[in-house]
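Source file: structure.cif (mmCIF, C-alpha atoms)
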data_final
#
loop_
_atom_site.label_atom_id
_atom_site.label_comp_id
_atom_site.auth_asym_id
_atom_site.auth_seq_id
_atom_site.Cartn_x
_atom_site.Cartn_y
_atom_site.Cartn_z
CA MET A 6 40.41 195.94 -86.61
CA HIS A 7 40.70 199.33 -84.99
CA ARG A 8 40.27 197.76 -81.51
CA ILE A 9 42.89 195.12 -82.22
CA THR A 10 45.34 197.75 -83.47
CA ARG A 11 44.79 199.91 -80.42
CA ARG A 12 45.15 196.95 -78.07
CA PHE A 13 48.34 195.91 -79.89
CA ALA A 14 49.72 199.44 -79.55
CA VAL A 15 49.05 199.46 -75.77
CA VAL A 16 50.67 196.03 -75.32
CA ALA A 17 53.65 197.06 -77.45
CA ALA A 18 54.08 200.25 -75.41
CA VAL A 19 54.09 198.27 -72.15
CA VAL A 20 56.64 195.80 -73.57
CA LEU A 21 58.90 198.59 -74.80
CA LEU A 22 58.67 200.42 -71.47
CA THR A 23 59.57 197.23 -69.62
CA LEU A 24 62.48 196.50 -71.96
CA GLY A 25 63.69 200.08 -71.71
CA THR A 26 63.69 199.90 -67.92
CA ALA A 27 65.55 196.58 -67.98
CA VAL A 28 68.14 197.91 -70.45
CA GLY A 29 68.57 201.06 -68.36
CA ALA A 30 69.06 199.00 -65.22
CA SER A 31 71.51 196.79 -67.06
CA ALA A 32 73.46 199.82 -68.27
CA ALA A 33 73.52 201.24 -64.75
CA THR A 34 74.93 197.93 -63.52
CA VAL A 35 77.61 197.91 -66.20
CA LEU A 36 78.65 201.46 -65.35
CA HIS A 37 78.91 200.70 -61.62
CA PHE A 38 82.57 200.02 -60.82
CA GLY A 39 82.36 199.86 -57.04
CA TYR A 40 82.51 196.62 -55.07
CA HIS A 41 79.19 194.88 -54.47
CA GLN A 42 79.27 192.20 -51.79
CA VAL A 43 77.55 189.02 -52.89
CA ARG A 44 78.24 187.03 -49.73
CA ALA A 45 80.15 187.49 -46.49
CA GLY A 46 83.76 186.38 -46.41
CA LEU A 47 83.40 185.08 -42.86
CA PRO A 48 80.86 182.47 -41.75
CA THR A 49 77.76 183.62 -39.89
CA GLY A 50 77.41 182.59 -36.27
CA ILE A 51 81.06 183.00 -35.29
CA LYS A 52 81.89 184.89 -32.08
CA HIS A 53 82.48 188.62 -32.27
CA PHE A 54 85.10 190.22 -30.04
CA LYS A 55 86.51 193.74 -29.67
CA LEU A 56 88.97 195.63 -31.89
CA THR A 57 90.14 199.19 -31.20
CA SER A 58 92.89 201.58 -32.29
CA THR A 59 94.56 204.51 -30.57
CA ASP A 60 95.37 205.92 -34.03
CA ILE A 61 92.05 205.61 -35.87
CA ARG A 62 88.55 206.24 -34.55
CA ALA A 63 85.76 203.98 -35.78
CA GLY A 64 83.47 205.78 -38.21
CA LYS A 65 85.85 208.74 -38.56
CA PRO A 66 88.32 209.82 -41.29
CA ILE A 67 91.69 208.08 -41.25
CA PRO A 68 94.51 210.53 -40.36
CA ALA A 69 96.88 211.42 -43.22
CA ARG A 70 99.94 209.66 -41.75
CA PHE A 71 98.24 206.31 -42.30
CA TRP A 72 97.47 207.03 -45.98
CA GLY A 73 99.48 205.48 -48.80
CA CYS A 74 99.56 207.99 -51.65
CA ALA A 75 103.23 209.06 -51.48
CA ASP A 76 104.45 205.77 -50.00
CA ALA A 77 102.95 202.75 -48.21
CA GLY A 78 102.08 204.82 -45.15
CA VAL A 79 102.28 203.72 -41.54
CA SER A 80 100.14 200.87 -40.23
CA PRO A 81 97.92 201.96 -37.33
CA GLN A 82 98.00 200.68 -33.77
CA LEU A 83 95.49 197.87 -33.16
CA SER A 84 94.34 196.16 -29.95
CA TRP A 85 91.89 193.29 -29.55
CA SER A 86 90.37 191.35 -26.69
CA GLY A 87 87.76 188.67 -26.01
CA ALA A 88 88.85 186.17 -28.68
CA PRO A 89 87.09 182.80 -28.37
CA ALA A 90 88.55 179.83 -26.51
CA GLY A 91 90.48 177.55 -28.82
CA THR A 92 92.04 180.38 -30.82
CA GLN A 93 95.38 179.16 -32.18
CA SER A 94 96.39 182.18 -34.28
CA PHE A 95 95.11 185.46 -35.71
CA ALA A 96 94.82 187.10 -39.12
CA ILE A 97 94.56 190.81 -39.95
CA GLN A 98 92.68 192.24 -42.92
CA VAL A 99 92.09 195.79 -44.18
CA PHE A 100 89.67 196.07 -47.09
CA ASP A 101 88.29 199.03 -49.08
CA ARG A 102 84.87 198.09 -50.46
CA ASP A 103 84.50 201.38 -52.34
CA ALA A 104 87.59 201.09 -54.57
CA PRO A 105 86.60 201.57 -58.24
CA THR A 106 87.81 198.11 -59.23
CA GLY A 107 84.64 196.04 -59.18
CA SER A 108 86.22 193.84 -56.51
CA GLY A 109 87.32 196.25 -53.77
CA PHE A 110 90.95 196.65 -52.69
CA TRP A 111 92.95 194.68 -50.10
CA HIS A 112 95.23 197.09 -48.22
CA TRP A 113 96.61 194.62 -45.70
CA VAL A 114 96.43 190.92 -45.08
CA ALA A 115 98.57 189.04 -42.58
CA TRP A 116 98.14 185.69 -40.87
CA ASP A 117 99.75 183.21 -38.47
CA LEU A 118 100.01 185.83 -35.70
CA PRO A 119 100.60 183.87 -32.45
CA ALA A 120 97.54 183.18 -30.31
CA GLY A 121 98.97 185.24 -27.45
CA THR A 122 99.07 188.42 -29.56
CA THR A 123 96.59 191.08 -28.42
CA SER A 124 97.95 194.21 -30.08
CA LEU A 125 100.24 195.72 -32.70
CA ALA A 126 102.04 199.01 -32.14
CA THR A 127 101.91 201.84 -34.69
CA GLY A 128 104.09 200.90 -37.67
CA ALA A 129 104.96 197.50 -36.21
CA LEU A 130 105.34 194.32 -38.24
CA PRO A 131 103.23 191.37 -37.07
CA PRO A 132 105.29 189.17 -34.71
CA ALA A 133 106.99 185.99 -35.94
CA PRO A 134 106.01 183.56 -37.30
CA ALA A 135 103.36 185.80 -38.87
CA VAL A 136 103.23 186.09 -42.66
CA SER A 137 102.49 189.39 -44.41
CA GLY A 138 100.60 188.62 -47.60
CA THR A 139 100.52 190.54 -50.87
CA ASN A 140 98.17 193.53 -50.93
CA ASP A 141 96.43 194.75 -54.09
CA GLY A 142 99.20 197.30 -54.60
CA GLU A 143 101.47 194.28 -55.24
CA THR A 144 103.58 194.92 -52.14
CA SER A 145 103.93 192.95 -48.94
CA GLY A 146 102.29 194.14 -45.73
CA TYR A 147 100.32 197.33 -45.17
CA THR A 148 99.59 199.95 -47.81
CA GLY A 149 97.47 202.88 -46.71
CA PRO A 150 94.38 204.44 -48.28
CA CYS A 151 94.68 206.60 -51.39
CA PRO A 152 91.20 207.05 -52.87
CA PRO A 153 90.99 208.82 -56.25
CA ALA A 154 90.60 212.60 -55.98
CA GLY A 155 86.96 213.64 -56.19
CA ASP A 156 85.69 210.10 -55.68
CA VAL A 157 83.02 209.04 -53.17
CA THR A 158 83.92 208.50 -49.52
CA HIS A 159 85.75 205.19 -49.18
CA HIS A 160 85.05 202.86 -46.24
CA TYR A 161 87.92 200.79 -44.87
CA THR A 162 87.14 197.74 -42.76
CA PHE A 163 89.86 196.73 -40.27
CA THR A 164 89.38 193.13 -39.13
CA VAL A 165 91.15 190.71 -36.83
CA VAL A 166 90.09 187.06 -37.22
CA ALA A 167 90.62 184.37 -34.58
CA LEU A 168 91.65 181.12 -36.27
CA SER A 169 91.28 177.46 -35.32
CA VAL A 170 94.72 176.52 -36.68
CA PRO A 171 98.23 177.72 -35.73
CA SER A 172 99.17 178.25 -39.38
CA LEU A 173 97.29 178.69 -42.65
CA GLY A 174 100.25 177.28 -44.56
CA LEU A 175 100.10 180.03 -47.19
CA PRO A 176 103.12 181.69 -48.87
CA ALA A 177 103.67 185.45 -48.61
CA SER A 178 102.81 185.77 -52.31
CA THR A 179 99.16 184.95 -51.49
CA HIS A 180 96.75 187.79 -52.33
CA GLY A 181 93.96 189.06 -50.08
CA ALA A 182 91.06 187.29 -51.81
CA VAL A 183 92.70 183.87 -51.64
CA ALA A 184 93.92 184.42 -48.09
CA GLY A 185 90.42 185.60 -47.16
CA PHE A 186 88.94 182.36 -48.50
CA VAL A 187 91.27 180.24 -46.35
CA ILE A 188 90.84 182.55 -43.34
CA GLY A 189 87.07 182.19 -43.60
CA HIS A 190 87.28 178.39 -43.56
CA ASN A 191 89.29 178.47 -40.32
CA ALA A 192 87.56 181.36 -38.51
CA LEU A 193 86.39 181.01 -34.90
CA GLY A 194 85.57 184.67 -34.38
CA SER A 195 86.20 188.18 -35.67
CA ALA A 196 86.51 191.77 -34.52
CA SER A 197 86.29 194.79 -36.78
CA PHE A 198 85.69 198.50 -37.16
CA GLU A 199 85.27 200.80 -40.15
CA ALA A 200 86.92 204.14 -40.90
CA THR A 201 86.80 206.43 -43.93
CA ALA A 202 88.95 208.41 -46.37
CA ARG A 203 88.18 210.89 -49.14
CA GLN A 204 90.15 213.45 -51.12
#

Could I get this structure in the form of structure tokens?
Amino acid sequence: MHRITRRFAVVAAVVLLTLGTAVGASAATVLHFGYHQVRAGLPTGIKHFKLTSTDIRAGKPIPARFWGCADAGVSPQLSWSGAPAGTQSFAIQVFDRDAPTGSGFWHWVAWDLPAGTTSLATGALPPAPAVSGTNDGETSGYTGPCPPAGDVTHHYTFTVVALSVPSLGLPASTHGAVAGFVIGHNALGSASFEATARQ
């Protein structure tokens, strides 16, 4: 009886330890409010081309004039080259994966940029017949970074996507996640860089 009781106690301790670890991990997951990517928004195997900016350096902090705390901020200059043959239009996306929302934050989404477009000037609107979608701040066009004070460093991915169609046929009221779904289904290639912001 003594052996059985001791064996039972050891087994019970192992079970409780395992359950405690699982509950702790579950609690940690519940308390994590940052975005966790489950799958890529763009298909694998598409061509990658080049995206640069004279205003923002890849891997570096985004200058204050492009932030959006007091107002929407100014959209940065972008240039791209090397898009795949057959490109019929472009889309632009700016996404913050570190926003404490559980689903990230879309700062800019635009589509139907003409195939001949290779750059946007600082503060410029995408050329007609481009459509500026609705960002997660519920405004149209670009809205700059404004991470919460004291939060972790936020990483902003700037992306230009080459599309196989001249128009996505989406209204300007379309939000980033829905636009991203349609963009992904028509993507021929993409170019991107990442920059940061923290306050």

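With all atoms listed in the file as the atoms that count, the minimum distance from Ala63 in chain A to the choices A:Leu193, A:Ala88, A:Leu168, A:Leu83 is reached by A:Leu83.
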
Legend entry - For Ala77 in chain A, the nearest of the candidates A:Asp60, A:Asp141, A:Asp103, A:Asp117, counting only C-alpha atoms: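 Of A:Asp60, A:Asp141, A:Asp103, A:Asp117, the one nearest Ala77 in chain A, counting only C-alpha atoms, is A:Asp141.
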
Within 10 Å of (91.0, 175.0, -30.6), all atoms listed in the file: residues as a tab-separated table (two decimals) with C-alpha atoms, keeping the file's coordinate frame?
chain	number	residue	atom	x	y	z
A	89	PRO	CA	87.09	182.80	-28.37
A	90	ALA	CA	88.55	179.83	-26.51
A	91	GLY	CA	90.48	177.55	-28.82
A	92	THR	CA	92.04	180.38	-30.82
A	93	GLN	CA	95.38	179.16	-32.18
A	94	SER	CA	96.39	182.18	-34.28
A	168	LEU	CA	91.65	181.12	-36.27
A	169	SER	CA	91.28	177.46	-35.32
A	170	VAL	CA	94.72	176.52	-36.68
A	171	PRO	CA	98.23	177.72	-35.73
A	193	LEU	CA	86.39	181.01	-34.90

Inset, instruction - Taking the file as shown, find all residues satisfying the PyMOL selection byres ((chain A and resi 176) around 9) and write them as a list in words. - result: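 So the PyMOL selection byres ((chain A and resi 176) around 9), applied here, picks out Val136, Ser137, Gly138, Gly174, Leu175, Ala177, Ser178 and Thr179 of chain A.
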
What does the PyMOL selection byres ((chain A and resi 45-55) around 7) select in this file, as a PDB file with C-alpha atoms, keeping the file's coordinate frame?
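part21.pdb, written as the output of this step:
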ATOM      1  CA  ARG A  44      78.240 187.030 -49.730  1.00  0.00           C
ATOM      2  CA  LEU A  56      88.970 195.630 -31.890  1.00  0.00           C
ATOM      3  CA  THR A  57      90.140 199.190 -31.200  1.00  0.00           C
ATOM      4  CA  TRP A  85      91.890 193.290 -29.550  1.00  0.00           C
ATOM      5  CA  SER A  86      90.370 191.350 -26.690  1.00  0.00           C
ATOM      6  CA  GLY A  87      87.760 188.670 -26.010  1.00  0.00           C
ATOM      7  CA  ALA A  88      88.850 186.170 -28.680  1.00  0.00           C
ATOM      8  CA  PRO A  89      87.090 182.800 -28.370  1.00  0.00           C
ATOM      9  CA  GLY A 185      90.420 185.600 -47.160  1.00  0.00           C
ATOM     10  CA  PHE A 186      88.940 182.360 -48.500  1.00  0.00           C
ATOM     11  CA  GLY A 189      87.070 182.190 -43.600  1.00  0.00           C
ATOM     12  CA  LEU A 193      86.390 181.010 -34.900  1.00  0.00           C
ATOM     13  CA  GLY A 194      85.570 184.670 -34.380  1.00  0.00           C
ATOM     14  CA  SER A 195      86.200 188.180 -35.670  1.00  0.00           C
ATOM     15  CA  ALA A 196      86.510 191.770 -34.520  1.00  0.00           C
TER      16      ALA A 196
END

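Among A:Ser124, A:Thr164, A:Thr106, A:Ser84, the residue with the shortest atom-to-atom distance to Ser197 in chain A, counting all atoms listed in the file, is A:Thr164.
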
Legend entry - Close residues, Val99 in chain A itself excluded, 7 Å, all atoms listed in the file, min 5 positions apart in chain, as a list in words: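 In the requested form, the answer reads Trp111, His112, Trp113, Val114, Tyr161, Thr162, Phe163 and Thr164 of chain A.
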
Inset, instruction - Would you please work out which residue, of A:Gly73, A:Gly109, A:Gly78, A:Pro119, is nearest to Leu173 in chain A when using all atoms listed in the file? - result: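 Smallest distance to Leu173 in chain A is found for A:Pro119.
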
Excluding same-chain residues fewer than 3 positions from Ser80 in chain A, what lies within 12 Å of it counting only C-alpha atoms, as a PDB file with C-alpha atoms, in the frame of the given file?
ATOM      1  CA  SER A  58      92.890 201.580 -32.290  1.00  0.00           C
ATOM      2  CA  THR A  59      94.560 204.510 -30.570  1.00  0.00           C
ATOM      3  CA  ASP A  60      95.370 205.920 -34.030  1.00  0.00           C
ATOM      4  CA  ILE A  61      92.050 205.610 -35.870  1.00  0.00           C
ATOM      5  CA  ILE A  67      91.690 208.080 -41.250  1.00  0.00           C
ATOM      6  CA  PRO A  68      94.510 210.530 -40.360  1.00  0.00           C
ATOM      7  CA  ALA A  69      96.880 211.420 -43.220  1.00  0.00           C
ATOM      8  CA  ARG A  70      99.940 209.660 -41.750  1.00  0.00           C
ATOM      9  CA  PHE A  71      98.240 206.310 -42.300  1.00  0.00           C
ATOM     10  CA  TRP A  72      97.470 207.030 -45.980  1.00  0.00           C
ATOM     11  CA  GLY A  73      99.480 205.480 -48.800  1.00  0.00           C
ATOM     12  CA  ASP A  76     104.450 205.770 -50.000  1.00  0.00           C
ATOM     13  CA  ALA A  77     102.950 202.750 -48.210  1.00  0.00           C
ATOM     14  CA  LEU A  83      95.490 197.870 -33.160  1.00  0.00           C
ATOM     15  CA  ILE A  97      94.560 190.810 -39.950  1.00  0.00           C
ATOM     16  CA  GLN A  98      92.680 192.240 -42.920  1.00  0.00           C
ATOM     17  CA  VAL A  99      92.090 195.790 -44.180  1.00  0.00           C
ATOM     18  CA  HIS A 112      95.230 197.090 -48.220  1.00  0.00           C
ATOM     19  CA  TRP A 113      96.610 194.620 -45.700  1.00  0.00           C
ATOM     20  CA  VAL A 114      96.430 190.920 -45.080  1.00  0.00           C
ATOM     21  CA  LEU A 125     100.240 195.720 -32.700  1.00  0.00           C
ATOM     22  CA  ALA A 126     102.040 199.010 -32.140  1.00  0.00           C
ATOM     23  CA  THR A 127     101.910 201.840 -34.690  1.00  0.00           C
ATOM     24  CA  GLY A 128     104.090 200.900 -37.670  1.00  0.00           C
ATOM     25  CA  ALA A 129     104.960 197.500 -36.210  1.00  0.00           C
ATOM     26  CA  LEU A 130     105.340 194.320 -38.240  1.00  0.00           C
ATOM     27  CA  PRO A 131     103.230 191.370 -37.070  1.00  0.00           C
ATOM     28  CA  GLY A 146     102.290 194.140 -45.730  1.00  0.00           C
ATOM     29  CA  TYR A 147     100.320 197.330 -45.170  1.00  0.00           C
ATOM     30  CA  THR A 148      99.590 199.950 -47.810  1.00  0.00           C
ATOM     31  CA  GLY A 149      97.470 202.880 -46.710  1.00  0.00           C
ATOM     32  CA  PRO A 150      94.380 204.440 -48.280  1.00  0.00           C
ATOM     33  CA  PHE A 163      89.860 196.730 -40.270  1.00  0.00           C
TER      34      PHE A 163
END

Inset, instruction - Enter the distance from CA of Ala192 in chain A to CA of Val165 in chain A, in Å, rounded to one decimal. - result: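 These atoms are spaced 10.2 Å apart.
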
Inset, instruction - Identify which of the residues A:Gly121, A:Gly107, A:Gly64, A:Pro132 lies closest to His160 in chain A, counting only C-alpha atoms when measuring atom-to-atom distances. - result: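 That would be A:Gly64, the residue with the smallest distance to His160 in chain A.
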
Inset, instruction - State, in Å with one decimal place, the distance from CA of Ala135 in chain A to CA of His190 in chain A. - result: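 Between CA of Ala135 in chain A and CA of His190 in chain A the gap works out to 18.3 Å.
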
Legend entry - Interatomic distance, CA of Ser145 in chain A to CA of His180 in chain A (Å, one decimal): 9.5 Å

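Of the residues listed (A:Ala200, A:Ala133, A:Cys151, A:Val166), A:Cys151 shows the shortest atom-to-atom separation from Ala104 in chain A; distances use all atoms listed in the file.
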
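Protein and nucleic acid residues near (87.3, 204.0, -48.1) are Asp101, Arg102, Asp103, Pro152, Thr158, His159, His160, Tyr161, Thr201 and Ala202 of chain A, the criterion being any atom at most 7 Å away using only C-alpha atoms.
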